[in-house]
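Q: This is the structure I want to talk about, given as structure tokens.
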Amino acid sequence: MPMTITEKILAEHAGLKEVVPGQLINAKVDIALGNDITAPIAIKEFRESGAKKVYDKEKVVLVPDHFTPNKDIKSAEQCKILREFAKEQELTNYFEGGDVGVEHALLPEKGIVLPGDLVIGADSHTCTYGALGAFATGVGSTDLAACMVTGEAWFKVPESIKFIYKGKLNKWVDGKDLILYAIGKIGVDGALYKAMEFCGDTIENLSMDSRLSMCNMAIEAGGKNGIIAPDKITEDYVKERAKRKYKFYSSDKDAKYSQIFEYDTAKIAPQVAFPNLPENTRNITDVGDVPIDQVVIGSCTNGRMEDLRIAAMILKGKKVAKYVRLIVIPATPLIYKQAVDEGLFDIFLDAGAIISPPTCGPCLGGHMGVLAEGERAIATTNRNFIGRMGHPKSEVYLSNPAVAAASAVKGRIAHPDEVMK
Amino acid sequence: MRFKGKAWKFGKDIDTDQIIPARYLNTSDPKELAKHCMEDADPEFVKKMQAGDIIVADKNFGCGSSREHAPISIKAAGISCVIAKSFARIFYRNSFNMGLPILECPEAVDSINESDEIEVDIDTGKIVNLTKNKTFNSQPIPPFMQELINTGGLMEWVKKKVKA
């Protein structure tokens, strides 16, 4: 029976020859992830279950990245729970201090998640790893706790939606715009419970950083997972990083999809999502005059090298507008160092930017750039919900790094062409 | 399980940041989280509601983050049940895993007004609007999920499995 890439990975991990959408399965989990917000609950439940050891100390990964470096005493206590558990369980993959990065940038970078894996994470943006050709989905703390005991998780096999992107990317357009465009078309529940499979010649030529940005936001359309069939670009990315075997899966030609969307990439301009939902997208040319107080370039969506390079290209020799804060957050220590080595920090600092250590920080209104009442930010993050970055009466607009950088210079949401004449 | 309570209505796409804002996520204590339940959707909600009341929402309730703090805050605040046109998938999963009863029923949501008296039978999925004297049948809960509820949530189910 023909299957999609998502169905094949689920079937293999459930020990079944085939699976069909709607089927409930119990599947083996290759990597189970938690962070400083979600893992404390999971650890408590793990202990209450009477279990003594996690199912595999290589496979349970803890990344305290949300409120770190610890923003207050309560956060420090949460992180302490993770640290003590990691020590006790001798977890191979526990990261803190100068080793910690934003989890969904860190795990692919370190080769911890690989093509063909089944990954669960107690963080909704776990779907990021679909960019590597893995099945990866966000779950809650209780799911993580159960998996730490059993090494398994239950799933309802999702129907798949195919998104075909055809054509060359326009100037200043990257993976972020491709996914925002799709969310704008189908809405924040347009892919509810479904697998979002991205393909077409645009995707085949898309960089890994852009692919990670795309799959990262599958959850913003309600998707269970986002996924891209692995290819040469994937192979080049993982071959130096992988410390174990991995497997490339691809969808059969006659696999079944509940819907198929085809987009002409030539028609996709840089996108801006207006408050308070990622589906409120507009072309950059239709934004109008929107003054801003803060710009955030970072997060698990857009805190990678490609993102920092394009921001630096736009900011080089320019100044951040008066009364505007530009916060740049390299997503991992390696990206941080590489940005220093490439001279990007000089450009950011000369422009008047603040450079933050790797953290989720302001993306969820945690710290390192919380908004006051009535303030407005443009951010390369993934959510613009009410109060997401601070006060319930503050606003977040979402964009790619080029638009965010240009906006920092202009003090209002701006097209990169306005500053790159 | 049967619940009777007053309906509190919410719109579509109520995200987890509105249910429990991230500024309160530096703790996982249910009592603390309960104090801020639905705060960014309705700052007065916790003061107005009473134990046993029911949240009635439009489509895609609980979209956004995977934070289990969202269903925890709702349950700890004393809400007996959430009825919505649809739920975001992680919220749906979390609710079953930690034992917050939820029901999908678009017709009931359209019929219920704020403050209507509602009776819900979780086992049969029957929803009765006592104020309007109307009865609705919600989407049946899949057998595996029913098993989770009957066992007392995912961790109890896991414990049983580990022992077996």
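Labeling convention for the structure tokens: chains A, B, ... as they appear, residues from 1 per chain, ligands from 1 in order of appearance.
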Hey, list the chain A side of the contact with chain B: 6 Å cut-off, only C-alpha atoms, answer as a list in words.

A: Lys74, Ser75, Asp123, Ser124, Val139, Gly140 and Tyr193 of chain A

Q: For the residues selected in the previous step, produce a file with all heavy atoms as a PDB file, in the first residue's frame.

A:
ATOM      1  N   LYS A  74      12.318  31.675  41.007  1.00  0.00           N
ATOM      2  CA  LYS A  74      11.448  30.554  40.636  1.00  0.00           C
ATOM      3  C   LYS A  74      11.990  29.796  39.418  1.00  0.00           C
ATOM      4  O   LYS A  74      11.960  28.574  39.361  1.00  0.00           O
ATOM      5  CB  LYS A  74      10.032  31.059  40.343  1.00  0.00           C
ATOM      6  CG  LYS A  74       9.209  31.358  41.585  1.00  0.00           C
ATOM      7  CD  LYS A  74       7.810  31.763  41.153  1.00  0.00           C
ATOM      8  CE  LYS A  74       6.894  32.033  42.319  1.00  0.00           C
ATOM      9  NZ  LYS A  74       5.598  32.548  41.859  1.00  0.00           N
ATOM     10  N   SER A  75      12.473  30.545  38.421  1.00  0.00           N
ATOM     11  CA  SER A  75      13.039  29.904  37.228  1.00  0.00           C
ATOM     12  C   SER A  75      14.286  29.106  37.582  1.00  0.00           C
ATOM     13  O   SER A  75      14.520  28.020  37.041  1.00  0.00           O
ATOM     14  CB  SER A  75      13.418  30.948  36.183  1.00  0.00           C
ATOM     15  OG  SER A  75      12.346  31.786  35.921  1.00  0.00           O
ATOM     16  N   ASP A 123       7.465  20.547  23.870  1.00  0.00           N
ATOM     17  CA  ASP A 123       7.555  21.910  23.354  1.00  0.00           C
ATOM     18  C   ASP A 123       6.905  21.868  21.981  1.00  0.00           C
ATOM     19  O   ASP A 123       7.233  21.003  21.169  1.00  0.00           O
ATOM     20  CB  ASP A 123       9.006  22.377  23.230  1.00  0.00           C
ATOM     21  CG  ASP A 123       9.061  23.845  22.861  1.00  0.00           C
ATOM     22  OD1 ASP A 123       8.905  24.159  21.651  1.00  0.00           O
ATOM     23  OD2 ASP A 123       9.234  24.684  23.755  1.00  0.00           O
ATOM     24  N   SER A 124       6.002  22.798  21.746  1.00  0.00           N
ATOM     25  CA  SER A 124       5.206  22.704  20.515  1.00  0.00           C
ATOM     26  C   SER A 124       6.038  22.840  19.245  1.00  0.00           C
ATOM     27  O   SER A 124       5.652  22.333  18.199  1.00  0.00           O
ATOM     28  CB  SER A 124       4.100  23.755  20.534  1.00  0.00           C
ATOM     29  OG  SER A 124       4.656  25.042  20.637  1.00  0.00           O
ATOM     30  N   VAL A 139       4.412  17.518  22.321  1.00  0.00           N
ATOM     31  CA  VAL A 139       3.503  16.841  23.250  1.00  0.00           C
ATOM     32  C   VAL A 139       3.548  17.599  24.577  1.00  0.00           C
ATOM     33  O   VAL A 139       4.275  18.582  24.701  1.00  0.00           O
ATOM     34  CB  VAL A 139       3.914  15.364  23.472  1.00  0.00           C
ATOM     35  CG1 VAL A 139       3.816  14.567  22.182  1.00  0.00           C
ATOM     36  CG2 VAL A 139       5.309  15.263  24.067  1.00  0.00           C
ATOM     37  N   GLY A 140       2.805  17.111  25.560  1.00  0.00           N
ATOM     38  CA  GLY A 140       2.830  17.745  26.865  1.00  0.00           C
ATOM     39  C   GLY A 140       3.774  17.036  27.825  1.00  0.00           C
ATOM     40  O   GLY A 140       4.417  16.045  27.466  1.00  0.00           O
ATOM     41  N   TYR A 193      -4.420  18.632  13.358  1.00  0.00           N
ATOM     42  CA  TYR A 193      -4.179  17.172  13.477  1.00  0.00           C
ATOM     43  C   TYR A 193      -3.479  16.550  12.266  1.00  0.00           C
ATOM     44  O   TYR A 193      -3.316  15.351  12.191  1.00  0.00           O
ATOM     45  CB  TYR A 193      -5.495  16.391  13.705  1.00  0.00           C
ATOM     46  CG  TYR A 193      -6.271  16.795  14.911  1.00  0.00           C
ATOM     47  CD1 TYR A 193      -7.511  17.416  14.782  1.00  0.00           C
ATOM     48  CD2 TYR A 193      -5.781  16.563  16.194  1.00  0.00           C
ATOM     49  CE1 TYR A 193      -8.248  17.800  15.899  1.00  0.00           C
ATOM     50  CE2 TYR A 193      -6.510  16.941  17.311  1.00  0.00           C
ATOM     51  CZ  TYR A 193      -7.737  17.553  17.164  1.00  0.00           C
ATOM     52  OH  TYR A 193      -8.462  17.926  18.258  1.00  0.00           O
TER      53      TYR A 193
END

Q: Pull the alpha helix (DSSP H) assignments for segment 32-129 of chain B out of DSSP run on the backbone, and list those residues as a VMD selection string.

A: chain B and resid 32 to 34 45 to 48 69 to 77 89 to 98 106 to 111

Q: Would you give me, as a ChimeraX atom specification, the residues in segment 229-396 of chain A that DSSP reads as strand (DSSP E)?

A: /A:259-264,271-273,281-283,294-297,325-328,354-355,376-379,395-396

Q: Atom CA of Leu315 of chain A to atom CA of Ala405 of chain A: how many Å, to one decimal?

A: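 Taking atom CA of Leu315 of chain A as the start and atom CA of Ala405 of chain A as the end point, the length is 6.5 Å.
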
Q: Skip Pro30 of chain B itself and residues of its chain fewer than 5 positions away, then list as a VMD selection string all residues within 9 Å of it, counting only C-alpha atoms.

A: chain B and resid 35 69 72 to 73 75 to 77

Q: Looking at A:Asn35, A:Thr128, A:Thr142, A:Asn384, which one is nearest to Gly365 of chain A, with distances taken over only C-alpha atoms?

A: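 Of all the options, A:Asn384 lies closest to Gly365 of chain A.
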
Q: Which residues come within 10 Å of Val290 of chain A, counting only C-alpha atoms, excluding same-chain residues fewer than 3 positions away, as a PDB file with N, CA and C atoms, in the first residue's frame?

A:
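Produced file selection29.pdb, reproduced below:
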ATOM      1  N   VAL A 287       1.704  46.688   4.044  1.00  0.00           N
ATOM      2  CA  VAL A 287       1.729  46.849   5.501  1.00  0.00           C
ATOM      3  C   VAL A 287       1.300  48.249   5.941  1.00  0.00           C
ATOM      4  N   ARG A 376       5.054  48.039  20.622  1.00  0.00           N
ATOM      5  CA  ARG A 376       4.894  47.221  19.427  1.00  0.00           C
ATOM      6  C   ARG A 376       6.266  46.701  18.993  1.00  0.00           C
ATOM      7  N   ALA A 377       6.307  45.404  18.658  1.00  0.00           N
ATOM      8  CA  ALA A 377       7.564  44.810  18.199  1.00  0.00           C
ATOM      9  C   ALA A 377       7.365  44.113  16.869  1.00  0.00           C
ATOM     10  N   ILE A 378       8.445  44.086  16.077  1.00  0.00           N
ATOM     11  CA  ILE A 378       8.475  43.156  14.953  1.00  0.00           C
ATOM     12  C   ILE A 378       9.520  42.117  15.312  1.00  0.00           C
ATOM     13  N   TYR A 397       4.438  41.716  15.606  1.00  0.00           N
ATOM     14  CA  TYR A 397       4.324  41.445  14.174  1.00  0.00           C
ATOM     15  C   TYR A 397       5.430  40.457  13.816  1.00  0.00           C
ATOM     16  N   SER A 407      13.428  47.114   9.365  1.00  0.00           N
ATOM     17  CA  SER A 407      12.483  47.830  10.233  1.00  0.00           C
ATOM     18  C   SER A 407      13.216  48.498  11.395  1.00  0.00           C
ATOM     19  N   GLY A 411      12.658  52.294  11.970  1.00  0.00           N
ATOM     20  CA  GLY A 411      11.794  52.607  13.108  1.00  0.00           C
ATOM     21  C   GLY A 411      10.322  52.340  12.829  1.00  0.00           C
ATOM     22  N   ARG A 412      10.073  51.707  11.723  1.00  0.00           N
ATOM     23  CA  ARG A 412       8.712  51.261  11.366  1.00  0.00           C
ATOM     24  C   ARG A 412       8.888  50.014  10.496  1.00  0.00           C
ATOM     25  N   ILE A 413       7.809  49.280  10.320  1.00  0.00           N
ATOM     26  CA  ILE A 413       7.950  48.066   9.508  1.00  0.00           C
ATOM     27  C   ILE A 413       8.311  48.471   8.081  1.00  0.00           C
ATOM     28  N   ALA A 414       9.443  47.941   7.601  1.00  0.00           N
ATOM     29  CA  ALA A 414       9.991  48.435   6.331  1.00  0.00           C
ATOM     30  C   ALA A 414      10.399  47.297   5.405  1.00  0.00           C
TER      31      ALA A 414
END

Q: What's around segment 219-232 of chain A at 8 Å? Count only C-alpha atoms, leave out sequence neighbours fewer than 4 positions away in its own chain, and write the answer as a PDB file with N, CA, C and O atoms, in the first residue's frame.

A:
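out.pdb, written as the output of this step:
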ATOM      1  N   ILE A   5       5.648   9.832   3.684  1.00  0.00           N
ATOM      2  CA  ILE A   5       6.865   9.759   4.503  1.00  0.00           C
ATOM      3  C   ILE A   5       6.497   9.690   5.992  1.00  0.00           C
ATOM      4  O   ILE A   5       7.091   8.930   6.755  1.00  0.00           O
ATOM      5  N   THR A   6       5.482  10.452   6.392  1.00  0.00           N
ATOM      6  CA  THR A   6       5.044  10.447   7.789  1.00  0.00           C
ATOM      7  C   THR A   6       4.522   9.064   8.179  1.00  0.00           C
ATOM      8  O   THR A   6       4.891   8.514   9.225  1.00  0.00           O
ATOM      9  N   PRO A 115      17.597  12.181  10.333  1.00  0.00           N
ATOM     10  CA  PRO A 115      16.554  11.755   9.394  1.00  0.00           C
ATOM     11  C   PRO A 115      15.986  10.376   9.760  1.00  0.00           C
ATOM     12  O   PRO A 115      16.739   9.489  10.168  1.00  0.00           O
ATOM     13  N   SER A 124       6.002  22.798  21.746  1.00  0.00           N
ATOM     14  CA  SER A 124       5.206  22.704  20.515  1.00  0.00           C
ATOM     15  C   SER A 124       6.038  22.840  19.245  1.00  0.00           C
ATOM     16  O   SER A 124       5.652  22.333  18.199  1.00  0.00           O
ATOM     17  N   HIS A 125       7.184  23.502  19.321  1.00  0.00           N
ATOM     18  CA  HIS A 125       7.988  23.683  18.107  1.00  0.00           C
ATOM     19  C   HIS A 125       8.938  22.530  17.813  1.00  0.00           C
ATOM     20  O   HIS A 125       9.833  22.638  16.963  1.00  0.00           O
ATOM     21  N   CYS A 127       8.219  20.236  16.103  1.00  0.00           N
ATOM     22  CA  CYS A 127       7.986  19.914  14.690  1.00  0.00           C
ATOM     23  C   CYS A 127       9.094  20.425  13.768  1.00  0.00           C
ATOM     24  O   CYS A 127       9.171  20.019  12.606  1.00  0.00           O
ATOM     25  N   THR A 128       9.985  21.272  14.285  1.00  0.00           N
ATOM     26  CA  THR A 128      11.120  21.801  13.509  1.00  0.00           C
ATOM     27  C   THR A 128      11.926  20.704  12.804  1.00  0.00           C
ATOM     28  O   THR A 128      12.377  20.864  11.670  1.00  0.00           O
ATOM     29  N   TYR A 129      12.113  19.561  13.507  1.00  0.00           N
ATOM     30  CA  TYR A 129      13.025  18.522  13.007  1.00  0.00           C
ATOM     31  C   TYR A 129      12.511  17.801  11.776  1.00  0.00           C
ATOM     32  O   TYR A 129      13.233  17.006  11.178  1.00  0.00           O
ATOM     33  N   GLY A 130      11.272  18.072  11.388  1.00  0.00           N
ATOM     34  CA  GLY A 130      10.762  17.531  10.129  1.00  0.00           C
ATOM     35  C   GLY A 130      11.613  17.982   8.950  1.00  0.00           C
ATOM     36  O   GLY A 130      11.656  17.319   7.910  1.00  0.00           O
ATOM     37  N   ALA A 131      12.336  19.091   9.130  1.00  0.00           N
ATOM     38  CA  ALA A 131      13.217  19.594   8.067  1.00  0.00           C
ATOM     39  C   ALA A 131      14.311  18.594   7.714  1.00  0.00           C
ATOM     40  O   ALA A 131      14.859  18.609   6.617  1.00  0.00           O
ATOM     41  N   LEU A 132      14.621  17.709   8.674  1.00  0.00           N
ATOM     42  CA  LEU A 132      15.659  16.700   8.443  1.00  0.00           C
ATOM     43  C   LEU A 132      15.056  15.396   7.905  1.00  0.00           C
ATOM     44  O   LEU A 132      15.768  14.414   7.705  1.00  0.00           O
ATOM     45  N   GLY A 133      13.751  15.369   7.708  1.00  0.00           N
ATOM     46  CA  GLY A 133      13.102  14.135   7.284  1.00  0.00           C
ATOM     47  C   GLY A 133      12.801  13.218   8.446  1.00  0.00           C
ATOM     48  O   GLY A 133      12.790  11.989   8.317  1.00  0.00           O
ATOM     49  N   ALA A 134      12.578  13.806   9.628  1.00  0.00           N
ATOM     50  CA  ALA A 134      12.189  13.039  10.813  1.00  0.00           C
ATOM     51  C   ALA A 134      10.704  13.291  11.078  1.00  0.00           C
ATOM     52  O   ALA A 134      10.163  14.310  10.652  1.00  0.00           O
ATOM     53  N   PHE A 135      10.054  12.358  11.800  1.00  0.00           N
ATOM     54  CA  PHE A 135       8.713  12.661  12.308  1.00  0.00           C
ATOM     55  C   PHE A 135       8.917  13.245  13.692  1.00  0.00           C
ATOM     56  O   PHE A 135       9.419  12.557  14.589  1.00  0.00           O
ATOM     57  N   ALA A 136       8.557  14.491  13.876  1.00  0.00           N
ATOM     58  CA  ALA A 136       8.779  15.154  15.160  1.00  0.00           C
ATOM     59  C   ALA A 136       7.548  15.942  15.515  1.00  0.00           C
ATOM     60  O   ALA A 136       7.017  16.684  14.686  1.00  0.00           O
ATOM     61  N   THR A 137       7.088  15.786  16.762  1.00  0.00           N
ATOM     62  CA  THR A 137       5.863  16.469  17.155  1.00  0.00           C
ATOM     63  C   THR A 137       5.903  16.905  18.614  1.00  0.00           C
ATOM     64  O   THR A 137       6.552  16.264  19.441  1.00  0.00           O
ATOM     65  N   GLY A 138       5.200  17.982  18.898  1.00  0.00           N
ATOM     66  CA  GLY A 138       5.120  18.505  20.254  1.00  0.00           C
ATOM     67  C   GLY A 138       4.098  17.739  21.067  1.00  0.00           C
ATOM     68  O   GLY A 138       3.050  17.341  20.550  1.00  0.00           O
ATOM     69  N   PRO A 158      -1.748  10.708  11.453  1.00  0.00           N
ATOM     70  CA  PRO A 158      -2.435  11.856  10.840  1.00  0.00           C
ATOM     71  C   PRO A 158      -2.624  11.685   9.329  1.00  0.00           C
ATOM     72  O   PRO A 158      -1.841  10.983   8.676  1.00  0.00           O
ATOM     73  N   ILE A 183       0.319  29.623   5.987  1.00  0.00           N
ATOM     74  CA  ILE A 183      -0.546  29.796   7.169  1.00  0.00           C
ATOM     75  C   ILE A 183      -1.600  30.871   6.869  1.00  0.00           C
ATOM     76  O   ILE A 183      -2.765  30.743   7.240  1.00  0.00           O
ATOM     77  N   ILE A 186      -4.273  29.027   4.726  1.00  0.00           N
ATOM     78  CA  ILE A 186      -5.114  27.950   5.293  1.00  0.00           C
ATOM     79  C   ILE A 186      -5.601  28.261   6.706  1.00  0.00           C
ATOM     80  O   ILE A 186      -6.497  27.593   7.200  1.00  0.00           O
ATOM     81  N   GLY A 187      -4.981  29.238   7.391  1.00  0.00           N
ATOM     82  CA  GLY A 187      -5.426  29.610   8.735  1.00  0.00           C
ATOM     83  C   GLY A 187      -4.727  28.835   9.838  1.00  0.00           C
ATOM     84  O   GLY A 187      -4.057  27.825   9.582  1.00  0.00           O
ATOM     85  N   VAL A 188      -4.906  29.310  11.071  1.00  0.00           N
ATOM     86  CA  VAL A 188      -4.175  28.725  12.207  1.00  0.00           C
ATOM     87  C   VAL A 188      -4.673  27.338  12.605  1.00  0.00           C
ATOM     88  O   VAL A 188      -4.046  26.663  13.413  1.00  0.00           O
ATOM     89  N   ASP A 189      -5.804  26.900  12.036  1.00  0.00           N
ATOM     90  CA  ASP A 189      -6.191  25.500  12.251  1.00  0.00           C
ATOM     91  C   ASP A 189      -6.399  24.790  10.916  1.00  0.00           C
ATOM     92  O   ASP A 189      -7.054  23.754  10.843  1.00  0.00           O
ATOM     93  N   GLY A 190      -5.793  25.352   9.871  1.00  0.00           N
ATOM     94  CA  GLY A 190      -5.960  24.791   8.519  1.00  0.00           C
ATOM     95  C   GLY A 190      -5.378  23.404   8.369  1.00  0.00           C
ATOM     96  O   GLY A 190      -5.753  22.651   7.469  1.00  0.00           O
ATOM     97  N   ALA A 191      -4.426  23.049   9.236  1.00  0.00           N
ATOM     98  CA  ALA A 191      -3.810  21.721   9.155  1.00  0.00           C
ATOM     99  C   ALA A 191      -3.988  20.982  10.479  1.00  0.00           C
ATOM    100  O   ALA A 191      -3.172  20.135  10.847  1.00  0.00           O
ATOM    101  N   LEU A 192      -5.086  21.305  11.193  1.00  0.00           N
ATOM    102  CA  LEU A 192      -5.307  20.712  12.519  1.00  0.00           C
ATOM    103  C   LEU A 192      -5.224  19.182  12.469  1.00  0.00           C
ATOM    104  O   LEU A 192      -5.902  18.552  11.663  1.00  0.00           O
ATOM    105  N   TYR A 193      -4.420  18.632  13.358  1.00  0.00           N
ATOM    106  CA  TYR A 193      -4.179  17.172  13.477  1.00  0.00           C
ATOM    107  C   TYR A 193      -3.479  16.550  12.266  1.00  0.00           C
ATOM    108  O   TYR A 193      -3.316  15.351  12.191  1.00  0.00           O
ATOM    109  N   LYS A 194      -3.061  17.360  11.277  1.00  0.00           N
ATOM    110  CA  LYS A 194      -2.540  16.785  10.029  1.00  0.00           C
ATOM    111  C   LYS A 194      -1.008  16.918   9.914  1.00  0.00           C
ATOM    112  O   LYS A 194      -0.406  17.762  10.553  1.00  0.00           O
ATOM    113  N   ALA A 195      -0.464  16.082   9.043  1.00  0.00           N
ATOM    114  CA  ALA A 195       0.947  16.220   8.686  1.00  0.00           C
ATOM    115  C   ALA A 195       1.045  17.197   7.521  1.00  0.00           C
ATOM    116  O   ALA A 195       0.243  17.132   6.592  1.00  0.00           O
ATOM    117  N   MET A 196       1.994  18.131   7.588  1.00  0.00           N
ATOM    118  CA  MET A 196       2.207  19.085   6.501  1.00  0.00           C
ATOM    119  C   MET A 196       3.493  18.691   5.773  1.00  0.00           C
ATOM    120  O   MET A 196       4.580  18.780   6.339  1.00  0.00           O
ATOM    121  N   GLU A 197       3.336  18.230   4.547  1.00  0.00           N
ATOM    122  CA  GLU A 197       4.498  17.790   3.780  1.00  0.00           C
ATOM    123  C   GLU A 197       4.850  18.854   2.746  1.00  0.00           C
ATOM    124  O   GLU A 197       4.017  19.210   1.918  1.00  0.00           O
ATOM    125  N   PHE A 198       6.057  19.379   2.833  1.00  0.00           N
ATOM    126  CA  PHE A 198       6.478  20.447   1.933  1.00  0.00           C
ATOM    127  C   PHE A 198       7.346  19.873   0.814  1.00  0.00           C
ATOM    128  O   PHE A 198       8.310  19.144   1.095  1.00  0.00           O
ATOM    129  N   CYS A 199       7.019  20.205  -0.445  1.00  0.00           N
ATOM    130  CA  CYS A 199       7.812  19.686  -1.550  1.00  0.00           C
ATOM    131  C   CYS A 199       7.736  20.639  -2.742  1.00  0.00           C
ATOM    132  O   CYS A 199       7.171  21.726  -2.641  1.00  0.00           O
ATOM    133  N   GLU A 204      13.204  21.835  -2.865  1.00  0.00           N
ATOM    134  CA  GLU A 204      14.402  21.046  -3.192  1.00  0.00           C
ATOM    135  C   GLU A 204      15.655  21.915  -3.224  1.00  0.00           C
ATOM    136  O   GLU A 204      16.756  21.433  -2.989  1.00  0.00           O
ATOM    137  N   ARG A 211      14.628  25.520   5.664  1.00  0.00           N
ATOM    138  CA  ARG A 211      13.745  24.362   5.851  1.00  0.00           C
ATOM    139  C   ARG A 211      13.357  24.221   7.330  1.00  0.00           C
ATOM    140  O   ARG A 211      12.222  23.897   7.659  1.00  0.00           O
ATOM    141  N   MET A 214      10.709  26.705   8.189  1.00  0.00           N
ATOM    142  CA  MET A 214       9.394  26.303   7.666  1.00  0.00           C
ATOM    143  C   MET A 214       8.726  25.265   8.555  1.00  0.00           C
ATOM    144  O   MET A 214       7.581  25.423   8.969  1.00  0.00           O
ATOM    145  N   CYS A 215       9.446  24.172   8.819  1.00  0.00           N
ATOM    146  CA  CYS A 215       8.845  23.082   9.590  1.00  0.00           C
ATOM    147  C   CYS A 215       8.552  23.538  11.012  1.00  0.00           C
ATOM    148  O   CYS A 215       7.590  23.088  11.633  1.00  0.00           O
ATOM    149  N   ASP A 236      24.240  16.539   3.293  1.00  0.00           N
ATOM    150  CA  ASP A 236      25.375  17.435   3.562  1.00  0.00           C
ATOM    151  C   ASP A 236      25.304  17.996   4.984  1.00  0.00           C
ATOM    152  O   ASP A 236      26.326  18.207   5.623  1.00  0.00           O
ATOM    153  N   PHE A 248      16.821   7.601   5.331  1.00  0.00           N
ATOM    154  CA  PHE A 248      16.021   8.502   4.496  1.00  0.00           C
ATOM    155  C   PHE A 248      14.721   7.818   4.087  1.00  0.00           C
ATOM    156  O   PHE A 248      14.752   6.722   3.535  1.00  0.00           O
ATOM    157  N   TYR A 249      13.616   8.453   4.358  1.00  0.00           N
ATOM    158  CA  TYR A 249      12.312   7.978   3.883  1.00  0.00           C
ATOM    159  C   TYR A 249      11.782   8.978   2.872  1.00  0.00           C
ATOM    160  O   TYR A 249      12.147  10.144   2.900  1.00  0.00           O
ATOM    161  N   SER A 250      10.924   8.487   1.969  1.00  0.00           N
ATOM    162  CA  SER A 250      10.230   9.431   1.089  1.00  0.00           C
ATOM    163  C   SER A 250       8.827   8.905   0.810  1.00  0.00           C
ATOM    164  O   SER A 250       8.554   7.723   0.965  1.00  0.00           O
ATOM    165  N   SER A 251       7.947   9.800   0.422  1.00  0.00           N
ATOM    166  CA  SER A 251       6.559   9.417   0.148  1.00  0.00           C
ATOM    167  C   SER A 251       6.477   8.647  -1.169  1.00  0.00           C
ATOM    168  O   SER A 251       7.186   8.966  -2.130  1.00  0.00           O
ATOM    169  N   PRO A 278      -0.780  34.235  13.687  1.00  0.00           N
ATOM    170  CA  PRO A 278       0.139  34.087  12.556  1.00  0.00           C
ATOM    171  C   PRO A 278      -0.563  34.031  11.190  1.00  0.00           C
ATOM    172  O   PRO A 278       0.073  34.198  10.164  1.00  0.00           O
ATOM    173  N   GLU A 279      -1.888  33.809  11.180  1.00  0.00           N
ATOM    174  CA  GLU A 279      -2.611  33.754   9.895  1.00  0.00           C
ATOM    175  C   GLU A 279      -2.898  35.143   9.322  1.00  0.00           C
ATOM    176  O   GLU A 279      -3.293  35.267   8.169  1.00  0.00           O
ATOM    177  N   ASN A 382       7.799  33.118  16.182  1.00  0.00           N
ATOM    178  CA  ASN A 382       6.747  32.342  15.528  1.00  0.00           C
ATOM    179  C   ASN A 382       5.326  32.638  16.000  1.00  0.00           C
ATOM    180  O   ASN A 382       4.371  32.125  15.447  1.00  0.00           O
ATOM    181  N   ARG A 383       5.167  33.424  17.052  1.00  0.00           N
ATOM    182  CA  ARG A 383       3.815  33.661  17.574  1.00  0.00           C
ATOM    183  C   ARG A 383       3.600  35.131  17.873  1.00  0.00           C
ATOM    184  O   ARG A 383       4.486  35.777  18.433  1.00  0.00           O
TER     185      ARG A 383
ATOM    186  N   CYS B  63      -4.833  26.521  21.119  1.00  0.00           N
ATOM    187  CA  CYS B  63      -3.760  26.487  20.116  1.00  0.00           C
ATOM    188  C   CYS B  63      -2.499  27.126  20.691  1.00  0.00           C
ATOM    189  O   CYS B  63      -2.549  27.860  21.664  1.00  0.00           O
ATOM    190  N   GLY B  64      -1.380  26.806  20.067  1.00  0.00           N
ATOM    191  CA  GLY B  64      -0.112  27.378  20.506  1.00  0.00           C
ATOM    192  C   GLY B  64       0.754  26.375  21.227  1.00  0.00           C
ATOM    193  O   GLY B  64       0.943  25.256  20.774  1.00  0.00           O
ATOM    194  N   ALA B  88      -7.122  22.444  19.639  1.00  0.00           N
ATOM    195  CA  ALA B  88      -5.789  22.247  19.059  1.00  0.00           C
ATOM    196  C   ALA B  88      -5.249  20.925  19.584  1.00  0.00           C
ATOM    197  O   ALA B  88      -5.569  20.518  20.702  1.00  0.00           O
ATOM    198  N   ARG B  89      -4.432  20.240  18.775  1.00  0.00           N
ATOM    199  CA  ARG B  89      -4.145  18.840  19.078  1.00  0.00           C
ATOM    200  C   ARG B  89      -3.331  18.616  20.356  1.00  0.00           C
ATOM    201  O   ARG B  89      -3.590  17.674  21.089  1.00  0.00           O
TER     202      ARG B  89
END

Q: For Glu84 of chain A, please output as number ranges by chain all residues within 12 Å (counting only C-alpha atoms; exclusion window: fewer than 4 positions along the same chain).

A: A: 39-40, 43, 62, 77-80, 88-91, 94
